[in-house]
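Asker: Dumping the structure here so I can ask a few things about it.
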Amino acid sequence: MTPSAPAIVAANHLSKWYGQVIGLNDVTLSVPPGITGLLGPNGAGKSTLMKLITGQLKPSQGEITVLGESIWRNPALYFRMGFCPEQDAFYERMTGLEWVTALVRLNGVDERQATEMARRALETVDLTDAAGKKIGAYSKGMRQRVKMAQTLAHDPDLFILDEPLAGMDPIARRKTIRLIKEWGRAGKSVIVSSHILHEIESMTANILLINQGRILAEGNVHQIRELIDEHPHTVYIKADQTRALARQFLADDGVLSLTFEDEAVVVQTGRPDAFYARLTALAASGEFGTIHEVTSPDDNLQAVFQYLVKS
Amino acid sequence: MTPPATHATPTVLASTARIFDLSLGQMLWSRRSVFLAFLVGGPVLLAAGIRVVSAADRLGLPQINGARVGGAALFGTMIWLLYVRVIVPVLGVFYGTSLVADEVDDKTITYLFTRPIPRAAVLFGKYLAYLVCTVLLVLPSVVFVYFLVAPIGGTIGEAFPTLVADLGMLAVGLTAYGAVFAWVGARMRRPLVVGLVFTFGWEPVVLVVPGYLKRLTVAYYLQALVPHAMPRDSPVSVLLQVFSGGPSVPTSLASLAAIAVVALWWAGRSVEKQEYVLEQ
């Protein structure tokens with residue numbers, strides 16, 4: 001990134017309210033090219049900001065520009081943007097290939113070319129084998145990946161990813177993080193939201209901290225890294241052999257507690273980096289069957305934000 | 001940063017065609033279509049029942065209030081009372097009000113509104129899918145009813161021209177009602193309630209009130225297109241006489257076309273301007 005590089009997203013006294021509820025409050029920011037992490041607990045205003053950036057919402061006050069242009073009612077900008085929304089919503093009866101093809105066709109591409117682009121996108125997210133399966137039959141992780149496929153299929157310059165790793169298994173997570181970093185290296189820009197610092201940190205050092213509709217801080221992730229380490233990190237894991245997997249964690253120094261909820265194990269760890277690395281290695285070994293879901297509640301970050309707001 | 005690309009936004013027409021492609025299959029196999037297929041199946045069952053009863057009767061002609069009516073007149077009555085007054089408006093309400101609302105409820109609207117197409121094209125494409133879907137539901141049902149009822153006391157060929165006119169008239173009705181309710185769906189809260197009140201409250205009441213208010217209905221123009229000579233000396237004929245005295249066929253067609261175009265244009269404009277806030 002060069003110091004003079006124009007902002008990919010710029011907001012000037014941007015506010016958004018829903019009736020009496022404030023979603024975003026007088027935000028002024030300038031997002032440089034490259035990868036930027038938008039970090040905040042649930043309800044902090046991340047999705048509102050994402051929806052303003054993607055032109056789904058109109059600012060109540062202030063203005064926002066994306067790639068130098070106003071985004072509201074400016075559909076031509078979507079040629080250059082790819083959006084992966086947070087919600088788990090699909091045309092369930094379509095196959096992954098049909099769905100991605102149909103969306104790519106809306107970019108003005110003919111059927112044959114759209115199918116080819118969709119196939120490539122599905123290959124990128126490792127869904128080639130499941131391309132012909134109905135989305136309704138996809139696992140949570142596959143659904144996340146097919147959303148990523150529709151985001152990248154038309155080769156946009158700017159990716160807006162709202163909680164893209166939620167629900168992915170460790171291997172898909174690692175691949176997606178690698179993919180995002182590759183986009184950054186290829187000169188694309190990415191704005192990625194999460195409520196998990198660890199995830200954001202693995203993609204970029206450049207972050208925007210958001211809470212209660214305000215930007216708390218912009219800049220380097222390492223500055224708040226020490227704070228998060230003081231708070232235990234909770235991870236929820238669903239696997240074929242949850243109990244056998246949990247036994248592997250008992251020996252880890254960083255693991256503070258283990259509890260079982262339905263068919264999942266909830267782990268509290270003081271060293272999330274080491275824990276995720278171990279989890280990925282265990283998933284890759286296949287020793288404990290498939291790891292279906294890895295999620296992290298936002299309590300971790302909430303604790304840090306409470307600390308930040310108080311101090 | 002990559003320099004701005006020189007993409008031109010696809011035209012409304014091209015985008016409409018692509019949304020139509022995307023939506024038709026979804027709409028045809030939706031739970032709504034299955035449910036409404038039962039509704040349009042009702043007249044077919046009724047016609048089959050009448051056919052069986054009339055076959056058992058020596059004269060072969062069913063009676064309405066003591067007067068014997070032939071198959072052609074019976075078919076006309078069914079078209080008017082079941083299709084024009086109930087099925088077509090109900091299909092219009094249930095599909096028309098949900099064109100965009102379904103995507104919002106399912107939270108899939110995001111995928112369509114973050115693509116380089118005019119937002120209005122989403123509504124227009126879905127409206128076209130609605131037309132094809134409802135025509136595919138209604139017209140076969142009418143044809144079945146015709147073949148079951150028309151031979152009673154007559155021949156199939158005798159009333160065939162009226163069948164063709166009926167099919168055209170119903171397609172025009174679906175076009176007009178669908179557009180009106182697409183506007184209601186794009187513009188109003190609780191569109192289904194508004195649509196049902198319009199269909200079963202406003203229209204029947206206003207149609208029997210003397211004066212100009214009846215011009216603010218779709219049924220007023222649609223009834224002028226009904227090609228049937230109705231049976232006399234029965235409550236049905238009395239009922240139909242109440243509705244008579246409508247505009248000429250060209251005036252009706254022009255009015256219905258104007259209603260459809262204006263309602264769709266307003267609906268498209270609303271979709272362009274409106275924000276859709278999805279529940280997380």
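Note on naming: chains are A, B, ... as they come in the structure tokens, residues start from 1 per chain, ligands start from 1 in the order shown.
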Select, as number ranges by chain, those residues of chain B with any atom no more than 6 Å from chain A (distances computed using only C-alpha atoms).
Answerer: B: 9-10, 107-108, 115-117, 275
Asker: Please write the residues from the selection above to a file, keeping N, CA and C atoms, as a PDB file, in the first residue's frame.
Answerer:
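Generated file (selection-v2.pdb):
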```pdb
ATOM      1  N   THR B   9     -23.922  -1.041 -17.154  1.00  0.00           N
ATOM      2  CA  THR B   9     -24.943  -1.812 -16.453  1.00  0.00           C
ATOM      3  C   THR B   9     -25.882  -2.438 -17.480  1.00  0.00           C
ATOM      4  N   PRO B  10     -26.174  -3.734 -17.352  1.00  0.00           N
ATOM      5  CA  PRO B  10     -27.112  -4.355 -18.294  1.00  0.00           C
ATOM      6  C   PRO B  10     -28.443  -3.596 -18.292  1.00  0.00           C
ATOM      7  N   LYS B 107     -34.349 -13.719   2.908  1.00  0.00           N
ATOM      8  CA  LYS B 107     -33.039 -13.031   3.008  1.00  0.00           C
ATOM      9  C   LYS B 107     -32.148 -13.286   1.799  1.00  0.00           C
ATOM     10  N   THR B 108     -32.750 -13.633   0.671  1.00  0.00           N
ATOM     11  CA  THR B 108     -31.957 -13.850  -0.542  1.00  0.00           C
ATOM     12  C   THR B 108     -31.905 -12.595  -1.416  1.00  0.00           C
ATOM     13  N   ARG B 115     -25.859  -7.025  -7.290  1.00  0.00           N
ATOM     14  CA  ARG B 115     -25.411  -7.353  -8.644  1.00  0.00           C
ATOM     15  C   ARG B 115     -25.658  -6.131  -9.532  1.00  0.00           C
ATOM     16  N   PRO B 116     -24.888  -6.010 -10.620  1.00  0.00           N
ATOM     17  CA  PRO B 116     -25.012  -4.795 -11.441  1.00  0.00           C
ATOM     18  C   PRO B 116     -26.260  -4.783 -12.323  1.00  0.00           C
ATOM     19  N   ILE B 117     -27.393  -4.764 -11.694  1.00  0.00           N
ATOM     20  CA  ILE B 117     -28.658  -4.675 -12.434  1.00  0.00           C
ATOM     21  C   ILE B 117     -29.534  -3.632 -11.760  1.00  0.00           C
ATOM     22  N   GLU B 275     -35.352   0.866   0.992  1.00  0.00           N
ATOM     23  CA  GLU B 275     -34.323   0.075   1.670  1.00  0.00           C
ATOM     24  C   GLU B 275     -34.994  -1.187   2.198  1.00  0.00           C
TER      25      GLU B 275
END
```
Asker: To test your reading of the structure, identify every residue in region 52-145 of chain A that backbone DSSP assigns to strand (DSSP E or B), and report it as a PyMOL selection string.
Answerer: chain A and resi 61-66+69-70+81-84+95+134
Asker: Using all heavy atoms, can you export the residues from the last selection as an mmCIF file, in the first residue's frame?
Answerer:
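Everything below was put into out28.cif:
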```cif
data_model
loop_
_atom_site.group_PDB
_atom_site.id
_atom_site.type_symbol
_atom_site.label_atom_id
_atom_site.label_comp_id
_atom_site.auth_asym_id
_atom_site.auth_seq_id
_atom_site.Cartn_x
_atom_site.Cartn_y
_atom_site.Cartn_z
ATOM 1 N N GLN A 61 -27.557 9.877 7.484
ATOM 2 C CA GLN A 61 -26.839 11.149 7.493
ATOM 3 C C GLN A 61 -25.401 10.890 7.024
ATOM 4 O O GLN A 61 -24.893 9.794 7.192
ATOM 5 C CB GLN A 61 -26.806 11.680 8.925
ATOM 6 C CG GLN A 61 -26.769 13.186 9.011
ATOM 7 C CD GLN A 61 -27.134 13.633 10.420
ATOM 8 O OE1 GLN A 61 -26.423 13.316 11.354
ATOM 9 N NE2 GLN A 61 -28.242 14.337 10.570
ATOM 10 N N GLY A 62 -24.776 11.901 6.482
ATOM 11 C CA GLY A 62 -23.394 11.749 6.033
ATOM 12 C C GLY A 62 -23.337 11.056 4.678
ATOM 13 O O GLY A 62 -24.363 10.859 4.019
ATOM 14 N N GLU A 63 -22.136 10.685 4.301
ATOM 15 C CA GLU A 63 -21.992 10.056 2.981
ATOM 16 C C GLU A 63 -20.935 8.959 2.999
ATOM 17 O O GLU A 63 -20.062 8.937 3.872
ATOM 18 C CB GLU A 63 -21.630 11.113 1.935
ATOM 19 C CG GLU A 63 -20.389 11.903 2.276
ATOM 20 C CD GLU A 63 -20.257 13.144 1.390
ATOM 21 O OE1 GLU A 63 -21.288 13.765 1.089
ATOM 22 O OE2 GLU A 63 -19.112 13.452 1.019
ATOM 23 N N ILE A 64 -21.069 8.096 2.028
ATOM 24 C CA ILE A 64 -20.091 7.007 1.888
ATOM 25 C C ILE A 64 -19.765 6.826 0.406
ATOM 26 O O ILE A 64 -20.672 6.871 -0.434
ATOM 27 C CB ILE A 64 -20.619 5.705 2.528
ATOM 28 C CG1 ILE A 64 -19.552 4.601 2.441
ATOM 29 C CG2 ILE A 64 -21.920 5.234 1.892
ATOM 30 C CD1 ILE A 64 -19.779 3.455 3.394
ATOM 31 N N THR A 65 -18.486 6.664 0.127
ATOM 32 C CA THR A 65 -18.089 6.373 -1.259
ATOM 33 C C THR A 65 -17.313 5.049 -1.283
ATOM 34 O O THR A 65 -16.587 4.727 -0.339
ATOM 35 C CB THR A 65 -17.201 7.472 -1.873
ATOM 36 O OG1 THR A 65 -16.058 7.639 -1.054
ATOM 37 C CG2 THR A 65 -17.936 8.783 -1.994
ATOM 38 N N VAL A 66 -17.499 4.317 -2.346
ATOM 39 C CA VAL A 66 -16.809 3.038 -2.536
ATOM 40 C C VAL A 66 -16.098 3.105 -3.882
ATOM 41 O O VAL A 66 -16.728 3.445 -4.891
ATOM 42 C CB VAL A 66 -17.829 1.874 -2.514
ATOM 43 C CG1 VAL A 66 -17.132 0.543 -2.740
ATOM 44 C CG2 VAL A 66 -18.595 1.848 -1.194
ATOM 45 N N GLU A 69 -16.772 6.280 -5.712
ATOM 46 C CA GLU A 69 -18.110 6.685 -6.167
ATOM 47 C C GLU A 69 -19.147 6.433 -5.083
ATOM 48 O O GLU A 69 -18.978 5.535 -4.257
ATOM 49 C CB GLU A 69 -18.521 5.872 -7.405
ATOM 50 C CG GLU A 69 -17.694 6.125 -8.644
ATOM 51 C CD GLU A 69 -18.151 5.234 -9.794
ATOM 52 O OE1 GLU A 69 -19.363 5.095 -9.999
ATOM 53 O OE2 GLU A 69 -17.278 4.664 -10.471
ATOM 54 N N SER A 70 -20.221 7.213 -5.136
ATOM 55 C CA SER A 70 -21.326 6.950 -4.227
ATOM 56 C C SER A 70 -21.947 5.612 -4.609
ATOM 57 O O SER A 70 -22.132 5.326 -5.786
ATOM 58 C CB SER A 70 -22.364 8.074 -4.347
ATOM 59 O OG SER A 70 -23.512 7.711 -3.628
ATOM 60 N N MET A 81 -17.345 -5.243 -7.329
ATOM 61 C CA MET A 81 -17.464 -5.665 -5.934
ATOM 62 C C MET A 81 -18.030 -7.076 -5.834
ATOM 63 O O MET A 81 -18.863 -7.476 -6.640
ATOM 64 C CB MET A 81 -18.429 -4.727 -5.189
ATOM 65 C CG MET A 81 -17.950 -3.312 -5.092
ATOM 66 S SD MET A 81 -19.281 -2.231 -4.517
ATOM 67 C CE MET A 81 -19.514 -2.831 -2.851
ATOM 68 N N GLY A 82 -17.584 -7.792 -4.822
ATOM 69 C CA GLY A 82 -18.180 -9.095 -4.508
ATOM 70 C C GLY A 82 -18.563 -9.086 -3.045
ATOM 71 O O GLY A 82 -17.754 -8.697 -2.198
ATOM 72 N N PHE A 83 -19.788 -9.495 -2.755
ATOM 73 C CA PHE A 83 -20.269 -9.425 -1.373
ATOM 74 C C PHE A 83 -20.665 -10.804 -0.872
ATOM 75 O O PHE A 83 -21.450 -11.504 -1.503
ATOM 76 C CB PHE A 83 -21.468 -8.466 -1.293
ATOM 77 C CG PHE A 83 -22.061 -8.358 0.091
ATOM 78 C CD1 PHE A 83 -21.254 -8.107 1.200
ATOM 79 C CD2 PHE A 83 -23.425 -8.492 0.294
ATOM 80 C CE1 PHE A 83 -21.794 -8.007 2.473
ATOM 81 C CE2 PHE A 83 -23.978 -8.387 1.562
ATOM 82 C CZ PHE A 83 -23.159 -8.147 2.653
ATOM 83 N N CYS A 84 -20.106 -11.162 0.263
ATOM 84 C CA CYS A 84 -20.481 -12.420 0.926
ATOM 85 C C CYS A 84 -21.254 -12.042 2.196
ATOM 86 O O CYS A 84 -20.654 -11.601 3.171
ATOM 87 C CB CYS A 84 -19.216 -13.198 1.277
ATOM 88 S SG CYS A 84 -19.548 -14.748 2.119
ATOM 89 N N THR A 95 -28.830 -26.291 -7.358
ATOM 90 C CA THR A 95 -27.510 -26.841 -7.045
ATOM 91 C C THR A 95 -26.537 -25.663 -6.893
ATOM 92 O O THR A 95 -26.823 -24.547 -7.347
ATOM 93 C CB THR A 95 -27.009 -27.759 -8.176
ATOM 94 O OG1 THR A 95 -26.756 -26.950 -9.330
ATOM 95 C CG2 THR A 95 -28.024 -28.836 -8.513
ATOM 96 N N LYS A 134 -27.817 -30.271 -4.515
ATOM 97 C CA LYS A 134 -28.697 -29.156 -4.125
ATOM 98 C C LYS A 134 -28.127 -28.467 -2.886
ATOM 99 O O LYS A 134 -27.616 -29.138 -1.975
ATOM 100 C CB LYS A 134 -30.092 -29.677 -3.826
ATOM 101 C CG LYS A 134 -30.794 -30.181 -5.088
ATOM 102 C CD LYS A 134 -32.282 -30.028 -4.968
ATOM 103 C CE LYS A 134 -33.038 -30.631 -6.138
ATOM 104 N NZ LYS A 134 -32.578 -30.269 -7.445
#
```
Asker: Using only C-alpha atoms, can you tell me which of B:Gly246, B:Gly153, B:Gly195, B:Gly268 comes closest to Val90 (chain B)?
Answerer: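 Ranking B:Gly246, B:Gly153, B:Gly195, B:Gly268 by distance to Val90 (chain B), first place goes to B:Gly195.
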Asker: Compile the contact shell of Ala179 (chain B) as a count of residues only: residues with an atom at most 9 Å away, counting only C-alpha atoms, same-chain residues fewer than 4 positions apart removed.
Answerer: 14
Asker: Might you pull out every residue within 6 Å of Thr234 (chain A), with only C-alpha atoms counted and same-chain residues fewer than 6 positions away left off, and present them as a VMD selection string?
Answerer: chain A and resid 267 to 268 296
Asker: What lies within 12 Å of Thr199 (chain B) using only C-alpha atoms, ignoring chain neighbours under 2 positions off, as a ChimeraX atom specification?
Answerer: /B:84-94,177,180-181,192-197,201-207,216-219
Asker: Between A:Ile200, A:Leu256, A:Ala284, A:Val9, which one has atoms that come closest to Leu165 (chain A), using only C-alpha atoms?
Answerer: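 Checking each candidate against Leu165 (chain A), we get A:Ile200 as the closest.
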Asker: Write out as a count of residues only the residues lying within 9 Å of Thr295 (chain A), counting only C-alpha atoms and excluding same-chain residues fewer than 3 positions away.
Answerer: 10
Asker: Determine which residues of region 44-115 of chain B DSSP labels as helix (DSSP H, G or I) from the backbone of this structure, then write them out as a PyMOL selection string.
Answerer: chain B and resi 44-56+71-96+101-105+109-113
Asker: List every residue of region 115-223 of chain B that has an atom at most 7 Å from any atom of region 18-30 of chain B, giving for each one its closest atom pair and the distance in Å to one decimal, counting only C-alpha atoms, sorted by chain and then by ascending residue number, as JSON lines.
Answerer:
```
{"residue": "B:Val122", "atom": "CA", "partner": "B:Ile19", "partner_atom": "CA", "distance": 5.9}
{"residue": "B:Gly125", "atom": "CA", "partner": "B:Phe20", "partner_atom": "CA", "distance": 4.3}
{"residue": "B:Lys126", "atom": "CA", "partner": "B:Phe20", "partner_atom": "CA", "distance": 5.7}
{"residue": "B:Leu128", "atom": "CA", "partner": "B:Phe20", "partner_atom": "CA", "distance": 6.3}
{"residue": "B:Ala129", "atom": "CA", "partner": "B:Leu24", "partner_atom": "CA", "distance": 4.9}
{"residue": "B:Cys133", "atom": "CA", "partner": "B:Leu28", "partner_atom": "CA", "distance": 5.8}
```
Asker: At a cut-off of 8 Å, using only C-alpha atoms, what residues contact Ser141 (chain B)? Leave out same-chain residues fewer than 4 positions from it and give the result as number ranges by chain.
Answerer: B: 40-41, 43-44, 137, 145
Asker: Given the selection you just returned, output its residues as a file containing all heavy atoms, formatted as a PDB file, in the first residue's frame.
Answerer:
```pdb
ATOM      1  N   VAL B  40     -57.078 -24.038  -8.031  1.00  0.00           N
ATOM      2  CA  VAL B  40     -57.535 -24.064  -9.430  1.00  0.00           C
ATOM      3  C   VAL B  40     -58.041 -25.453  -9.824  1.00  0.00           C
ATOM      4  O   VAL B  40     -58.726 -25.609 -10.844  1.00  0.00           O
ATOM      5  CB  VAL B  40     -56.445 -23.589 -10.428  1.00  0.00           C
ATOM      6  CG1 VAL B  40     -56.034 -22.172 -10.180  1.00  0.00           C
ATOM      7  CG2 VAL B  40     -55.233 -24.491 -10.405  1.00  0.00           C
ATOM      8  N   GLY B  41     -57.732 -26.438  -9.008  1.00  0.00           N
ATOM      9  CA  GLY B  41     -58.267 -27.775  -9.257  1.00  0.00           C
ATOM     10  C   GLY B  41     -59.722 -27.883  -8.824  1.00  0.00           C
ATOM     11  O   GLY B  41     -60.458 -28.765  -9.304  1.00  0.00           O
ATOM     12  N   PRO B  43     -62.526 -26.010  -9.450  1.00  0.00           N
ATOM     13  CA  PRO B  43     -63.517 -25.959 -10.523  1.00  0.00           C
ATOM     14  C   PRO B  43     -63.522 -27.218 -11.392  1.00  0.00           C
ATOM     15  O   PRO B  43     -64.572 -27.620 -11.900  1.00  0.00           O
ATOM     16  CB  PRO B  43     -63.088 -24.737 -11.348  1.00  0.00           C
ATOM     17  CG  PRO B  43     -62.333 -23.889 -10.404  1.00  0.00           C
ATOM     18  CD  PRO B  43     -61.657 -24.816  -9.453  1.00  0.00           C
ATOM     19  N   VAL B  44     -62.349 -27.839 -11.548  1.00  0.00           N
ATOM     20  CA  VAL B  44     -62.287 -29.061 -12.357  1.00  0.00           C
ATOM     21  C   VAL B  44     -63.083 -30.167 -11.663  1.00  0.00           C
ATOM     22  O   VAL B  44     -63.878 -30.874 -12.304  1.00  0.00           O
ATOM     23  CB  VAL B  44     -60.823 -29.496 -12.588  1.00  0.00           C
ATOM     24  CG1 VAL B  44     -60.766 -30.780 -13.402  1.00  0.00           C
ATOM     25  CG2 VAL B  44     -60.039 -28.398 -13.283  1.00  0.00           C
ATOM     26  N   LEU B 137     -50.957 -22.446 -14.422  1.00  0.00           N
ATOM     27  CA  LEU B 137     -51.874 -23.032 -13.439  1.00  0.00           C
ATOM     28  C   LEU B 137     -53.334 -22.920 -13.893  1.00  0.00           C
ATOM     29  O   LEU B 137     -54.104 -23.873 -13.799  1.00  0.00           O
ATOM     30  CB  LEU B 137     -51.744 -22.299 -12.087  1.00  0.00           C
ATOM     31  CG  LEU B 137     -50.618 -22.702 -11.144  1.00  0.00           C
ATOM     32  CD1 LEU B 137     -50.578 -21.776  -9.944  1.00  0.00           C
ATOM     33  CD2 LEU B 137     -50.801 -24.139 -10.673  1.00  0.00           C
ATOM     34  N   VAL B 145     -62.195 -27.778 -17.501  1.00  0.00           N
ATOM     35  CA  VAL B 145     -63.587 -27.458 -17.162  1.00  0.00           C
ATOM     36  C   VAL B 145     -64.416 -27.390 -18.449  1.00  0.00           C
ATOM     37  O   VAL B 145     -65.532 -27.918 -18.518  1.00  0.00           O
ATOM     38  CB  VAL B 145     -63.670 -26.124 -16.376  1.00  0.00           C
ATOM     39  CG1 VAL B 145     -65.114 -25.639 -16.275  1.00  0.00           C
ATOM     40  CG2 VAL B 145     -63.077 -26.299 -14.992  1.00  0.00           C
TER      41      VAL B 145
END
```
Asker: As an exercise, work out the distance from CA of Ser98 (chain B) to CA of Trp80 (chain B) in Å and give it to one decimal place.
Answerer: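 Interatomic distance, CA of Ser98 (chain B) to CA of Trp80 (chain B): 25.6 Å.
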Asker: Work out how far apart CA of Phe144 (chain B) and CA of Leu256 (chain B) are and give it in Å to one decimal.
Answerer: 26.7 Å
Asker: Just checking: using only C-alpha atoms, which residue out of A:Val266, A:Leu24, A:Val294, A:Leu127 ends up closest to Ala246 (chain A)?
Answerer: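 Result for the nearest residue to Ala246 (chain A): A:Val266.
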